[in-house]
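Quick notes on the structure that follows.
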Amino acid sequence: MEILKSATAGTLESSDCLITVEPGTGINLELSSSVMNQYGRQIKATVLETLERLGVANAHVTVVDKGALDCTLKARVECAVYRSCDASAANLPWGGVIR
Amino acid sequence: MSDVVESISPKSRDMAQVEALLHQEGIRLDQNLDYTCGIFDEDGKLIATGSCFENTLRCLAVSSAHQGEGLLSQIVSHLTEYQAARGNFRLFLYTKVKSAKFLADLGFYEIARVEDKLVFMENRRTGFGDYCARLAAARREGRRITSVVMNANPFTLGHRYLVEQAAAENDVVHLFVLSQEAGPIPAAVRKKLVVEGVADLPNVICHDSDAYMISSATFPSYFLKDSDEVVRTQAALDLEIFKKIADTLGIQSRYVGQEPTSHTTCLYNEVMTEKMPGMGLECRILPRKTVNGQVISASTVRQAIHDGKLESVRAMLPDTTYRYFAGPEGAQTVAALQAAENLIHH
């Protein structure tokens with residue numbers, strides 16, 4: 001999928017994360033987390049894997065994590081990506097690339 | 001459990017609560033806000049608040065009785081979402097030095113600080129770093145390197161005089177044109193007229209100021225009236241950032257035009273004269289250039305164009321600027337100027 005405009009999803013509350021996706025070249029991930037030392041690598045891997053699954057090859061992604069679980073991270077990334085191409089209103093591929 | 005963040009209308013009675021809460025936490029209610037929100041407790045008492053102005057977050061406060069409950073993160077989440085809805089993803093904020101660490105936890109990074117007063121932050125880890133890297137690409141070596149910062153609204157012979165003096169007395173001149181959109185002449189036009197107007201000076205390099213010099217983020221009171229105290233603090237912050245930019249390019253001094261009319265610019269010049277020597281930068285204030293006994297001023301030029309009397313200020317304008325406004329290319333900008341009401345800088 002192509003990132004057409006900037007979009008965000010999530011919040012900064014505990015156990016959540018705020019994801020911002022913006023148009024960019026290549027994948028550029030900017031991560032800050034309250035549990036960076038413990039889970040930084042795992043968060044990064046989850047975000048990158050979700051982007052790959054959605055077929056996003058070019059994006060600047062900012063993640064401000066407040067201890068979100070993997071499932072939350074995935075959901076927030078998916079939501080931000082679909083919002084960024086105005087595809088979040090209808091016909092989401094549930095069971096397809098959104099698992 | 002998550003509390004509800006409610007928007008607060010500027011005219012509602014809750015605004016008095018906002019002001020009281022800010023006061024209690026040692027913050028002054030900003031005069032220029034375009035959105036305010038808050039969280040109330042069960043008794044309808046305001047316990048946390050935050051506001052926006054353009055692409056900045058302002059006046060963030062949590063009642064001391066409710067700190068540590070994660071209210072600030074709810075306020076900042078709400079404001080971030082609100083900003084995203086109006087297309088602002090790159091955000092800036094000021095905060096008190098002791099609160100900076102909480103905002104750092106919410107994804108904000110420090111750009112500069114005025115010791116004991118405030119910290120200026122943005123939500124991009126490499127925002128300011130990237131800007132400096134872009135500038136560094138245009139770095140040029142020389143024995144004497146200086147700078148000029150101008151709004152050039154529009155570029156006059158007065159601006160040209162300042163740049164000429166700087167170019168004659170130095171090896172390299174870094175010329176920054178403010179990127180902030182303010183008023184009827186678009187930033188791109190202002191920049192273009194500067195670039196054309198100094199094209200014959202080989203040692204002058206033009207740059208965009210981005211959001212990091214005299215923008216609505218660093219220096220909102222430059223664009224909207226505020227008290228002298230506020231202007232001084234914001235000017236001091238602006239200079240802290242300028243110092244970092246100066247270090248990137250090896251800038252040793254800055255040329256400034258004397259300011260006879262605009263109160264805010266006059267204060268800014270005063271702060272520059274006070275602070276810059278301490279930063280190892282020289283501040284050279286030059287008297288305004290006059291033509292036929294009249295001081296050249298961009299305000300006068302804007303007013304004349306507004307009144308349809310471009311010819312009356314022809315002597316104040318370089319050919320490039322005059323041709324733009326007289327020709328078809330500038331027609332749209334002229335129309336915008338003529339439709340505008342207040343053209344004089346406070």
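Ordering of the structure tokens sets the chain letters (A, B, ...), residue numbers begin anew at 1 in every chain, and ligands are numbered from 1 in the order given.
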
Practice problem: Within 7 Å of chain A, which residues of chain B are there when counting only C-alpha atoms? Please give them as a count of residues only. | Solution: 8

Practice problem: Go through stretch 35-253 of chain B and collect every residue that DSSP, computed from the backbone, puts in alpha helix (DSSP H); the answer should be as a PyMOL selection string. | Solution: chain B and resi 71-85+100-104+127-136+157-169+187-197+228-249

Output the selection as a short mmCIF file (atom, residue, chain, number, x, y, z; two decimals), in the first residue's frame - C-alpha atoms for each residue.
```cif
data_model
loop_
_atom_site.label_atom_id
_atom_site.label_comp_id
_atom_site.auth_asym_id
_atom_site.auth_seq_id
_atom_site.Cartn_x
_atom_site.Cartn_y
_atom_site.Cartn_z
CA LEU B 71 -3.90 13.00 32.83
CA LEU B 72 -1.22 14.82 30.86
CA SER B 73 -0.91 11.93 28.44
CA GLN B 74 -4.67 12.05 27.83
CA ILE B 75 -4.54 15.77 27.19
CA VAL B 76 -1.57 15.46 24.83
CA SER B 77 -3.21 12.49 23.02
CA HIS B 78 -6.36 14.51 22.54
CA LEU B 79 -4.50 17.57 21.27
CA THR B 80 -2.34 15.45 18.94
CA GLU B 81 -5.47 13.93 17.47
CA TYR B 82 -7.05 17.36 17.14
CA GLN B 83 -3.94 18.67 15.39
CA ALA B 84 -3.87 15.64 13.08
CA ALA B 85 -7.47 16.33 12.13
CA ALA B 100 10.17 18.78 30.17
CA LYS B 101 10.84 15.21 31.27
CA PHE B 102 7.13 14.35 31.23
CA LEU B 103 6.77 15.59 27.69
CA ALA B 104 9.92 13.73 26.71
CA GLY B 127 13.58 17.58 13.13
CA PHE B 128 16.04 20.28 14.11
CA GLY B 129 19.01 17.99 13.43
CA ASP B 130 17.80 17.45 9.85
CA TYR B 131 17.36 21.19 9.37
CA CYS B 132 20.94 21.81 10.58
CA ALA B 133 22.21 19.04 8.31
CA ARG B 134 20.52 20.70 5.32
CA LEU B 135 22.14 24.01 6.28
CA ALA B 136 25.52 22.39 6.80
CA LEU B 157 16.15 48.60 -0.98
CA GLY B 158 16.39 48.82 2.82
CA HIS B 159 16.85 45.04 3.02
CA ARG B 160 19.18 45.21 0.06
CA TYR B 161 21.28 47.87 1.83
CA LEU B 162 21.64 45.65 4.91
CA VAL B 163 22.73 42.67 2.81
CA GLU B 164 25.11 44.80 0.71
CA GLN B 165 26.81 46.12 3.84
CA ALA B 166 27.12 42.61 5.24
CA ALA B 167 28.44 41.30 1.92
CA ALA B 168 31.01 44.09 1.63
CA GLU B 169 32.37 43.62 5.14
CA ALA B 187 6.44 33.04 1.94
CA ALA B 188 7.43 31.58 -1.43
CA VAL B 189 7.04 35.02 -3.05
CA ARG B 190 9.02 36.75 -0.31
CA LYS B 191 11.82 34.21 -0.73
CA LYS B 192 11.80 34.49 -4.51
CA LEU B 193 12.06 38.30 -4.40
CA VAL B 194 14.99 38.05 -1.97
CA VAL B 195 16.80 35.46 -4.10
CA GLU B 196 16.34 37.61 -7.23
CA GLY B 197 17.22 40.77 -5.36
CA ASP B 228 6.72 42.81 26.68
CA GLU B 229 7.74 40.13 29.16
CA VAL B 230 6.49 37.41 26.80
CA VAL B 231 8.18 38.98 23.80
CA ARG B 232 11.48 39.08 25.70
CA THR B 233 11.33 35.44 26.78
CA GLN B 234 10.40 34.25 23.31
CA ALA B 235 13.11 36.42 21.77
CA ALA B 236 15.63 34.88 24.16
CA LEU B 237 14.52 31.39 23.09
CA ASP B 238 14.72 32.36 19.44
CA LEU B 239 18.32 33.45 19.99
CA GLU B 240 19.21 30.18 21.78
CA ILE B 241 18.10 28.34 18.64
CA PHE B 242 19.88 30.86 16.44
CA LYS B 243 23.10 30.18 18.35
CA LYS B 244 22.87 26.50 17.40
CA ILE B 245 22.28 27.39 13.77
CA ALA B 246 25.18 29.85 13.88
CA ASP B 247 27.47 27.10 15.21
CA THR B 248 26.45 24.82 12.35
CA LEU B 249 27.48 27.39 9.75
#
```

Quiz item: atom CA of A:Arg53 and atom CA of A:Ile27, how far apart in Å?
Solution: 13.3 Å

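Of the listed residues (A:Ile43, A:Val81, A:Ala75, A:Ile98), A:Val81 comes nearest to A:His60; the distances count only C-alpha atoms.
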
Self-check item: Who sits within 7 Å of B:Gly142, only C-alpha atoms, same chain under 2 positions skipped, as a list of chain:residue names
Solution: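 The residues that qualify are B:Arg140, B:Arg144, B:Ile145, B:Asp171, B:Val172.
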
Exercise. For atom CA of B:Thr321 and atom CA of B:Pro154, quote the distance in Å rounded to one decimal.
Key: 7.6 Å

Exercise. Write out as a PyMOL selection string each polymer residue whose atoms come within 12 Å of A:Arg99, counting only C-alpha atoms; drop sequence neighbours fewer than 2 positions from it.
Key: chain A and resi 50+53-54+71+74-75+78+92-97

Please identify the strand (DSSP E) residues within stretch 139-264 of chain B (assignment by DSSP from backbone atoms) and present them as a short mmCIF file (atom, residue, chain, number, x, y, z; two decimals) with C-alpha atoms, in the first residue's frame.
```cif
data_model
loop_
_atom_site.label_atom_id
_atom_site.label_comp_id
_atom_site.auth_asym_id
_atom_site.auth_seq_id
_atom_site.Cartn_x
_atom_site.Cartn_y
_atom_site.Cartn_z
CA ILE B 145 31.10 34.77 8.24
CA THR B 146 27.96 36.69 9.03
CA SER B 147 24.20 36.38 8.80
CA VAL B 148 21.05 38.35 8.16
CA VAL B 149 17.55 37.23 9.11
CA MET B 150 14.67 38.94 7.37
CA VAL B 172 30.28 34.89 3.50
CA VAL B 173 26.72 36.05 4.26
CA HIS B 174 24.06 33.52 5.25
CA LEU B 175 20.73 35.13 4.51
CA PHE B 176 17.66 33.57 6.18
CA VAL B 177 14.19 34.37 4.91
CA VAL B 204 25.37 35.68 -0.21
CA ILE B 205 23.70 32.31 0.39
CA CYS B 206 19.91 32.22 0.90
CA HIS B 207 18.23 29.79 3.29
CA ASP B 208 14.73 29.05 4.53
CA SER B 253 27.79 37.94 13.65
CA ARG B 254 24.37 39.12 12.56
CA TYR B 255 23.38 42.33 10.78
CA VAL B 256 20.20 43.95 11.94
CA GLY B 257 18.32 47.03 10.76
#
```

Exercise. Give me the residues within 9 Å of B:Val313 as a ChimeraX atom specification, counting only C-alpha atoms and dropping any in the same chain fewer than 5 places off.
Key: /B:296,300-301,304-305

Grab the residues selected above and save them as a PDB file, in the first residue's frame with C-alpha atoms.
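After the write, result25.pdb holds the following:
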```pdb
ATOM      1  CA  ILE B 296      12.531  52.743   3.718  1.00  0.00           C
ATOM      2  CA  THR B 300       5.043  51.603   3.917  1.00  0.00           C
ATOM      3  CA  VAL B 301       5.410  49.562   0.733  1.00  0.00           C
ATOM      4  CA  ALA B 304       1.126  51.848  -0.753  1.00  0.00           C
ATOM      5  CA  ILE B 305       0.305  48.698  -2.718  1.00  0.00           C
TER       6      ILE B 305
END
```

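Among the candidates A:Val35, A:Leu29, A:Val47, A:Val61, the residue lying nearest to A:Ser84 is A:Val61 (atoms considered: only C-alpha atoms).
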
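The space between atom CA of B:Lys309 and atom CA of B:Asn151 spans 22.1 Å.
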
Practice problem: Write out as JSON, numbers by chain the residues lying within 8 Å of B:Leu91, counting only C-alpha atoms and excluding same-chain residues fewer than 2 positions away. | Solution: {"B": [55, 56, 57, 88, 89, 93, 122, 123]}

Serialized selection, C-alpha atoms, as an mmCIF file, in the first residue's frame:
```cif
data_model
loop_
_atom_site.group_PDB
_atom_site.id
_atom_site.type_symbol
_atom_site.label_atom_id
_atom_site.label_comp_id
_atom_site.auth_asym_id
_atom_site.auth_seq_id
_atom_site.Cartn_x
_atom_site.Cartn_y
_atom_site.Cartn_z
ATOM 1 C CA ASN B 55 1.013 23.811 15.099
ATOM 2 C CA THR B 56 1.932 24.281 18.747
ATOM 3 C CA LEU B 57 0.608 22.915 22.035
ATOM 4 C CA ASN B 88 -0.651 19.305 11.624
ATOM 5 C CA PHE B 89 1.653 16.382 12.288
ATOM 6 C CA LEU B 93 5.619 23.188 22.415
ATOM 7 C CA GLU B 122 9.199 19.203 18.896
ATOM 8 C CA ASN B 123 7.739 15.767 18.179
#
```

Quiz prompt | Long-range neighbours of B:His345 as a list in words, 12 Å cut-off, only C-alpha atoms, 3 positions minimum in chain | solution = Asn151, Asn153, Ala182, Gly183, Ser221, Tyr222, Phe223, Leu224, Lys225, Glu259, Pro260, Thr261, Ser262, His263, Thr264, Thr265, Cys266, Ser297, Ala298, Ser299, Thr300, Arg302, Gln303, Glu341 and Asn342 of chain B
